[in-house]
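Novice: The structure's right below; bear with me while I get my questions together.
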Amino acid sequence: MQRIPSFRLGWRLLQSATEGAKQTCVSPPSLRKYSHGQGSFGLLFDIDGVLVRGTTPIPAAKQIFRDLVDPAGRYKVPVVFVTNAGNCLRQTKAEQLSHLLEVEVSPDQVMLSHSPLRMFTQFHDLCVLVSGQGPIKEVAQILGFQNVITVDMLREACPLLDVVDHNRRPKGPKVPEDKSLPQIDAVILFGEPIRWETNIQLIIDVLLTNGKPGNVQGTLRYPHIPVLACNMDLLWMAEAKNPRFGHGMFLVCLESVYKKITGYDLKYEALIGKPSVVTYNYAELLVRQQAESLGWTEPVETLYAIGDNPMADIYGANLYNRYLQACQRARLQAKGPGGGGQLKGAATVDDPPAMTSTELGGVSGMYGIEERLPERCSSILVCTGVYSRDQQDLPQDPACALKEQQRIFHGHRDFRFDPSLTQPSFVVQDVREAVELVFQQEGCPLG
């Protein structure tokens, strides 16, 4: 399994990445202020349900972040915010977090669900249709896409396609279609749109006409043009007492409509965001970048991923840990007999099956053996978001867990059912307890 397109290219892209003119005033990583001192671990924070509920910060989050920085506001360890949100810019999310947590958060600490799309350079010169809300055209262009069409732009060019809402139907004489609209080569789903019926209708039109939605549908071409989706969260936690629909729910609707019409499964070129491995690979690049800014000379050995959603945060962290173990086994095998002995913490029998291209985020190939990756990724589940001790318990009996999760599987259709991946390394009440636990595990003073 290989990073997209490789670790070294990803690192170069990350170092040269900018968020456009809005971020030119942000200090580069080499100038960021950190509290220097060698360490061996980094922190990956989910946002919704861990640090905030909607726009309201969770009290424990503000408290613990005061401890994560020194009196000068410099971070003590690498901190990266890994969220499946994707309808905004990194700069905007960093500003929101800085305000809510009352500490400085830089865009180079923020990873949105669409961030790895910067590495999908094979699509950057194609004409892409993007779905979502917020400044998605600007987001797509910043990520490297040169020819971007939004659903609203498509609707304006082909006004007869969107007729569910009678008030939005064209009035008066027949409106001519814009013949200058280029053929669409791929579809990118950034996040949940505002008008689901419009987006589903127009995306289906594009898929059924091979990227020419103004044309009459001919013989179905399958597989259809590439579809890349960011953020598979079925549910997420805001201010309401119960979880809200996420982009994963929109994907369920789109998949259902496409199969009902064609009889075929909607296919994804890539599924990006938690729990895919490519998301954690990219987050590890950010952690490595920050570790260098800290002045650390030794690599980060352990990542701690803190989240509230067992099917996104915990599943993803455990899947990435499995990936790291597989990479270590590959390195040992490449050394041949006597090349390093037994892998620390590795299973000797019944190793898990090889990961699929979907689980990796659209990549296939060999496990990387050249990069110095972390040894492990531990998952920590908090009870302030999607998961709550008051509403549900993690079954202690594996057989019970298997039966329950087979009945209700909130993961994406294309991810394998594996109940062991939803079992966290630790369960704590909130993010403060999570960070205190990490520093205790590492034998480091927090205060």
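Quick note on naming: the chains in the structure tokens go A, B, ... in the order shown, residues restart at 1 in each chain, and ligands are numbered from 1 in order of appearance.
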Quick one: residues within 9 Å of region 150-160 of chain A, only C-alpha atoms, excluding same-chain residues fewer than 2 positions away - as a list in words?
Specialist: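 My reading of the contact set: Val128, Leu129, Val130, Ser131, Gly132, Ile136, Lys137, Val148, Asp162, Val163, Arg169, Pro170, Lys174, Val175, Pro176, Glu177, Asp178, Lys179, Ser180, Leu181, Thr198, Asn199, Leu202, Ile203, Pro213 and Gly214 of chain A.
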Novice: List as a tab-separated table (two decimals) with N, CA and C atoms, in the first residue's frame the protein and nucleic acid residues near Val105 (chain A), meaning an atom at most 12 Å away when only C-alpha atoms are counted, but skip any in the same chain fewer than 3 places from it.
Specialist:
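Output file result_4.tsv is given in full below:
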chain	number	residue	atom	x	y	z
A	26	VAL	N	0.05	34.21	7.71
A	26	VAL	CA	0.27	33.20	8.74
A	26	VAL	C	1.74	32.80	8.76
A	27	SER	N	2.31	32.71	9.95
A	27	SER	CA	3.71	32.34	10.06
A	27	SER	C	3.91	30.93	9.55
A	29	PRO	N	5.54	27.13	9.35
A	29	PRO	CA	5.82	26.24	10.47
A	29	PRO	C	7.18	26.51	11.11
A	32	ARG	N	6.80	29.15	13.73
A	32	ARG	CA	5.79	28.99	14.78
A	32	ARG	C	6.47	28.87	16.13
A	33	LYS	N	5.79	29.31	17.17
A	33	LYS	CA	6.36	29.27	18.52
A	33	LYS	C	5.93	28.00	19.23
A	34	TYR	N	6.91	27.23	19.66
A	34	TYR	CA	6.65	26.01	20.43
A	34	TYR	C	7.55	25.98	21.65
A	65	PHE	N	-6.58	22.88	27.13
A	65	PHE	CA	-5.69	23.56	26.18
A	65	PHE	C	-4.85	24.64	26.86
A	68	LEU	N	-1.87	22.67	27.64
A	68	LEU	CA	-1.10	22.16	26.50
A	68	LEU	C	-0.15	23.21	25.92
A	69	VAL	N	-0.26	24.44	26.39
A	69	VAL	CA	0.66	25.49	25.95
A	69	VAL	C	1.38	26.04	27.17
A	73	GLY	N	2.34	30.69	25.29
A	73	GLY	CA	1.40	30.22	24.28
A	73	GLY	C	2.00	29.23	23.31
A	74	ARG	N	3.16	28.66	23.62
A	74	ARG	CA	3.82	27.70	22.74
A	74	ARG	C	3.39	26.28	23.10
A	75	TYR	N	3.08	25.48	22.09
A	75	TYR	CA	2.61	24.12	22.33
A	75	TYR	C	3.74	23.25	22.87
A	78	PRO	N	3.32	18.18	19.54
A	78	PRO	CA	2.59	18.40	18.29
A	78	PRO	C	1.09	18.15	18.47
A	79	VAL	N	0.29	19.08	18.02
A	79	VAL	CA	-1.17	19.01	18.11
A	79	VAL	C	-1.76	19.24	16.72
A	80	VAL	N	-2.58	18.30	16.26
A	80	VAL	CA	-3.25	18.44	14.97
A	80	VAL	C	-4.74	18.19	15.18
A	81	PHE	N	-5.55	19.02	14.57
A	81	PHE	CA	-7.01	18.88	14.63
A	81	PHE	C	-7.47	18.18	13.35
A	90	ARG	N	-9.15	25.94	5.74
A	90	ARG	CA	-8.36	25.67	6.95
A	90	ARG	C	-8.18	26.95	7.77
A	91	GLN	N	-7.96	28.06	7.09
A	91	GLN	CA	-7.78	29.34	7.77
A	91	GLN	C	-9.00	29.67	8.63
A	92	THR	N	-10.18	29.48	8.04
A	92	THR	CA	-11.42	29.78	8.77
A	92	THR	C	-11.58	28.88	9.99
A	93	LYS	N	-11.33	27.59	9.81
A	93	LYS	CA	-11.46	26.65	10.93
A	93	LYS	C	-10.44	26.97	12.02
A	94	ALA	N	-9.23	27.35	11.64
A	94	ALA	CA	-8.20	27.70	12.63
A	94	ALA	C	-8.62	28.93	13.42
A	95	GLU	N	-9.19	29.91	12.75
A	95	GLU	CA	-9.65	31.11	13.45
A	95	GLU	C	-10.78	30.79	14.42
A	96	GLN	N	-11.70	29.91	14.00
A	96	GLN	CA	-12.80	29.51	14.88
A	96	GLN	C	-12.26	28.81	16.13
A	97	LEU	N	-11.31	27.89	15.94
A	97	LEU	CA	-10.76	27.16	17.07
A	97	LEU	C	-9.97	28.08	18.00
A	98	SER	N	-9.23	29.02	17.43
A	98	SER	CA	-8.47	29.96	18.25
A	98	SER	C	-9.41	30.75	19.15
A	99	HIS	N	-10.54	31.16	18.59
A	99	HIS	CA	-11.52	31.92	19.37
A	99	HIS	C	-12.17	31.06	20.44
A	100	LEU	N	-12.56	29.84	20.08
A	100	LEU	CA	-13.30	28.99	21.01
A	100	LEU	C	-12.42	28.43	22.12
A	101	LEU	N	-11.17	28.07	21.78
A	101	LEU	CA	-10.27	27.45	22.76
A	101	LEU	C	-9.39	28.45	23.48
A	102	GLU	N	-9.35	29.68	22.98
A	102	GLU	CA	-8.57	30.76	23.58
A	102	GLU	C	-7.08	30.47	23.59
A	108	ASP	N	-1.76	25.32	9.76
A	108	ASP	CA	-0.94	24.13	9.57
A	108	ASP	C	-1.19	23.08	10.65
A	109	GLN	N	-2.05	23.39	11.61
A	109	GLN	CA	-2.47	22.40	12.61
A	109	GLN	C	-3.83	21.81	12.29
A	110	VAL	N	-4.48	22.27	11.25
A	110	VAL	CA	-5.86	21.87	10.95
A	110	VAL	C	-5.88	20.99	9.71
A	111	MET	N	-6.55	19.86	9.84
A	111	MET	CA	-6.75	18.97	8.71
A	111	MET	C	-8.24	18.74	8.52
Novice: Give the strand (DSSP E) residues of region 63-288 of chain A, as DSSP finds them on the backbone, and put them as an MDAnalysis selection string.
Specialist: chainID A and resid 79:82 110:111 127:131 147:150 186:189 227:230 235:236 244:245 270:272
Novice: So which residues touch region 301-311 of chain A within 9 Å, counting only C-alpha atoms, skipping near sequence neighbours fewer than 2 positions away, as number ranges by chain?
Specialist: A: 40-50, 82, 233-237, 274-275, 284, 287, 298-299, 313-317, 373-388, 409-412, 421-424, 431, 434-435, 438
Novice: Which residue out of A:Cys230, A:Val427, A:Cys127, A:Val103 has the minimum interatomic distance to Arg66 (chain A) when only C-alpha atoms are used?
Specialist: A:Val103
